[in-house]
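Scroll down for the structure; my scribbles are underneath it.
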Amino acid sequence: MDTFGIHRDVETTSSGDVTTPIHDALNWRYRRFSYNASKTLLGGLIKDYKGDTWQVVTNRPNGKGRYYCCAKGEGAKALFLNTESNGMRHWHDVFVDLTTPIVITEGAGKTGALMTCGYYAIGLFGVQSFTKDGELLPDLKQIDWNGREVVIAFDEDEKQKTRITVSKATFKLVKLLEAQGAKCRIAEWHHAEGKGIDDVMVQQGWKRVEEIIGTAPETDVAKLTLYFDRWKLLRKPNVKVNAKYLPDIAFPQAGAIFLKSPKGTGKSYQLANIVKEAIDKDRRVLNITHRINLGKALCQDMGLPWIDDLTSPTNSFGLCIDSLHPESKAKINIADYAGATVVMDEIEQLYEHLLNSRTCKNKRGEILKTLRGLFQFVIMTGGRIVFADADLSDYSIRFFHELMGEVQTEIFVVHNAYSEGGYRAVVFDQPAPNHLLNEVAAAFRDTAADEDTGKPKARLYVACDAQKHGSQNGTINLEAWFGKKFPNARILRIDSNSLGDKDHPAYKCIDRINEIILAYDIVITSPSVGTGVSIGSNDRAKEPTPLFGAVIGVFNGVIAENSIRQALMRVRNLSVPRFVWVGRAIGFSGNGAVTASGLIKGLRDVADFIKAGVENLIWGSLDVKNASFDTLGIDGWARIASRRNHGLYKLEETLILGLQGEGCEVEVVTEIDEVDKDLAKFTKVERKRIRLEKQRKYCEAVANALNLSEEEYEKLKFAAKTETEQHSIVKYDLRKLYGIEPTLGLVVAHEEDRVYGKWRLRFAFQNGVEAAKKVDFKSLDYFAKNDGTLQDLRLLTAKVMILNHFEIDKLLADRDREFLATDEDVIKLAKMAYQHRDHLKNVLGMTLTDRGLDEDGKVKKPIDVLKSFFKKLGFDLESDRYREDGQLVRGYMIKEDAPELNQVFAVWQQDLDARLREFDRDVKVSEINAKKAKIEELKQNPNFVELATDWAEAFKSGVQDLVAESWLVGLSQDLLNLAMEIPSFAASVNRVRTV
């Protein structure tokens, strides 16, 4: 049977009959005459194993390219090429033989190439042509997939946008196949080897195809690989080098410059030269960063002052992106920067900080507007903007274009592809870092002359992503633990607290960190020692003996994998081994989606709740129902935040892939012997004791701290502070949050149980939706009037609405109730929660995974769902087991609240009542102003004869209602006097009064 045949559109059989094979195969009508006569075609008919035409490839009438056509009215079909020609088994046998792997690709050419290599390959019209009505194609449904190995081999395109489209389609197909029980893998290769798998076979040979199919990673690993694709710079560079140190480059004098070069290759030197050149030409310069320490260091290299150190007025200085708004100390006037040079180093992290950080939250919209205006004005006036990052990706270039809008500019890209190699990294794949810490303590114990010196035998560098007293793996508690293990060691803790404590040896030490660390045996750091800080050198001439014996990384999962790798590289010497533990990731952005569309969908879900809740109400100038919710920077935020979520998805595995990509030699420690397990358990108990002791002492210190006046607080807030003064600042903040004097119990509840957000939600829930709407009004009003950003919209209305929808109030009606897993209302709640889990994730941040369902789709533990709801409101459940009728029963009761809660709620209620009165007053004033405007309009209308009596009645009644508020008497009387100036209105009012 022929799989492929070439035909003309009109052919003559041996018997003289005229046929139209191409049109017949495509169910087309052939027209020989008239102005609609069919164009002359030459085509190839691709047939499946049954002899049916699957696709026709025809020439274009203009001679350029070809058409790929399928039969009219038949829809998408899968291609099963004939297997008889190369001695393979019939497809009917393959369909039922689960031991036979199948490869799925797109197009007949790729299908044929794979069949030539001996694979049973199925072809699709395109990467998205595998479904009908949301399910697999009928052609694919006939195959038994349960337990079968499947490899998906779609194209490897060079274009980022196309790669994303293909990836989405791939994982959609994977989801459908895995639902049928298939074991999916995804083939990967570099696009330089060939775009399609058929190109790879032609250019690299069939053995390479076998290698690709044989080593195709499982879908979870493929998802992680896709994450690194999102960090690639696929745009073709204007200058590409591969050098340890960047050579001199002739940068353009105007436009946008993007510089990608690894750490330690001279980026800062290049930026300093660009700034010097601008200053020599009397051009103004702005150095914008996301971290103060980084900004100060760069300014020092560039010869620029930092904004806080200005001694005289100037328009050239460095500042943090947080200050790029009209009300800041910087007071940036865009008109002052015609033809200026703007430098933005570490642009990937800068954009993430700008779009996602808490410190920018209140002014994010204004910062984005200012940044957009600055970019556009600088480019339009012949200036240049320079972006640099070791991890520069297409995302930064794309977001720049979005901010530029319709303003066009040249893009100049420099890419240094140099890679120095990596270090040895030992990753401890365990639930906690206790074994890692024990191994480090044992390996570096100094037993010189058979005596323990109480110091490590080599200097240790410890990197963390936390610092608070409540974090067992934070800088404070690790400092205490290392102090116990090495009692004579000199330990330097560098975090935001110690850097700002004028009595601490780490105070403002970043600028001279390489000098200070020489006096210490152990250095423990938080992310405060961040981007732009280099410790030591990887140049053996400068550092013949490594400063550190080891780098220890203990990460809770708060920061992304690229930030972890950067933290591990603060110590530049690659000969120093790294020992790393990473916890399960926390701190996902938005609803945790790993795609931009998924994040935006979550935000719009919340917005829809808000719109539905307020219906068509218009408060003042704010029309929430018809509000846009399309905000500046939202697409950029969604891309960058979803990429970060993607990296957190399986943090440890992603980190390992990232380390390997940098050339690191990675060893993973999983199994440990029984002795080490016992030691790890002991260390766990020991470290927990340290944490509880430290946290309790901290809470006591805060509760007993001096009370500050508002003036004292404002004076101390941004100044250098002692530890005691920091405690007073915290106490002041707590008093503002809760409205009462912070007792020890309240401080403990705040620090250990994080009760503030939970209590706030419970308080709003108790007061109902209408009150929540009015409380949220100011946030919405600010959002509408100040170009607020959608990711920052934090409202209670949607949360209260969804809690009402699930009837949580009924479950809380009896606080003394005992809850059982078999209770009908608990089971109903759990079932309903899983039905609406997307809404719960988007609105309440509550995650319900498939792990909570059994094979039949029923909720395994309904009581856990109840706990999740109650936890959001600050209710904890305690359990008790007992026997009843011979059966073991576990019952759950609501724990008693902290004694301070009622006092806090009483204060909050007073504040809420005042805010509601203010809201009602604002609404009434708005009504009066609207009526004033209407009256003025009527007075100006010469055609207006008289007002209707019923209108006068309603108006008079409304005014009398307003007069009930004593403070409104004067305003309302003025309004009535104004209306009475219209004779016809006065007559109508008098008639109503008479009646």
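A note on labels: chains of the structure tokens are A, B, ... as shown, every chain counts residues from 1, and ligands are counted from 1 in their shown order.
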
Name the residues of region 88-164 of chain A that come out as strand (DSSP E or B) in a backbone DSSP run; write them as a ChimeraX atom specification. /A:102-106,121-124,131-132,135-136,149-152

Can you write out the residues you just picked, keeping C-alpha atoms, as a CSV table (one decimal), in the first residue's frame?
chain,number,residue,atom,x,y,z
A,102,ILE,CA,4.5,5.1,21.3
A,103,VAL,CA,6.0,8.4,20.1
A,104,ILE,CA,3.6,11.3,19.3
A,105,THR,CA,4.8,14.1,17.0
A,106,GLU,CA,3.3,16.6,14.5
A,121,ALA,CA,4.9,7.0,15.8
A,122,ILE,CA,1.6,8.8,15.7
A,123,GLY,CA,1.3,12.1,13.8
A,124,LEU,CA,-0.9,15.1,14.5
A,131,THR,CA,-8.7,16.9,21.1
A,132,LYS,CA,-12.3,17.0,20.2
A,135,GLU,CA,-11.3,15.0,25.1
A,136,LEU,CA,-8.7,12.9,23.1
A,149,GLU,CA,5.2,4.5,27.9
A,150,VAL,CA,4.6,7.5,25.7
A,151,VAL,CA,7.2,10.0,24.3
A,152,ILE,CA,6.0,13.4,23.0

Mind checking DSSP for region 459-695 of chain A and telling me the helix (DSSP H, G or I) residues as number ranges by chain? A: 475-485, 496-499, 510-519, 561-568, 596-614, 634-649, 651-661, 674-695

For Asp139 (chain A): contacts at 9 Å, only C-alpha atoms, fewer than 6 positions along chain excluded, given as a PyMOL selection string: chain A and resi 77-79

What is the distance, in Å and to one decimal place, between CA of Arg424 (chain A) and CA of Val666 (chain A)?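 Result for CA of Arg424 (chain A) versus CA of Val666 (chain A): 6.1 Å, one decimal.
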
9 Å contact set for Lys183 (chain A), only C-alpha atoms, chain neighbours under 6 positions out, as a ChimeraX atom specification: /A:145-151,174,177,218-219
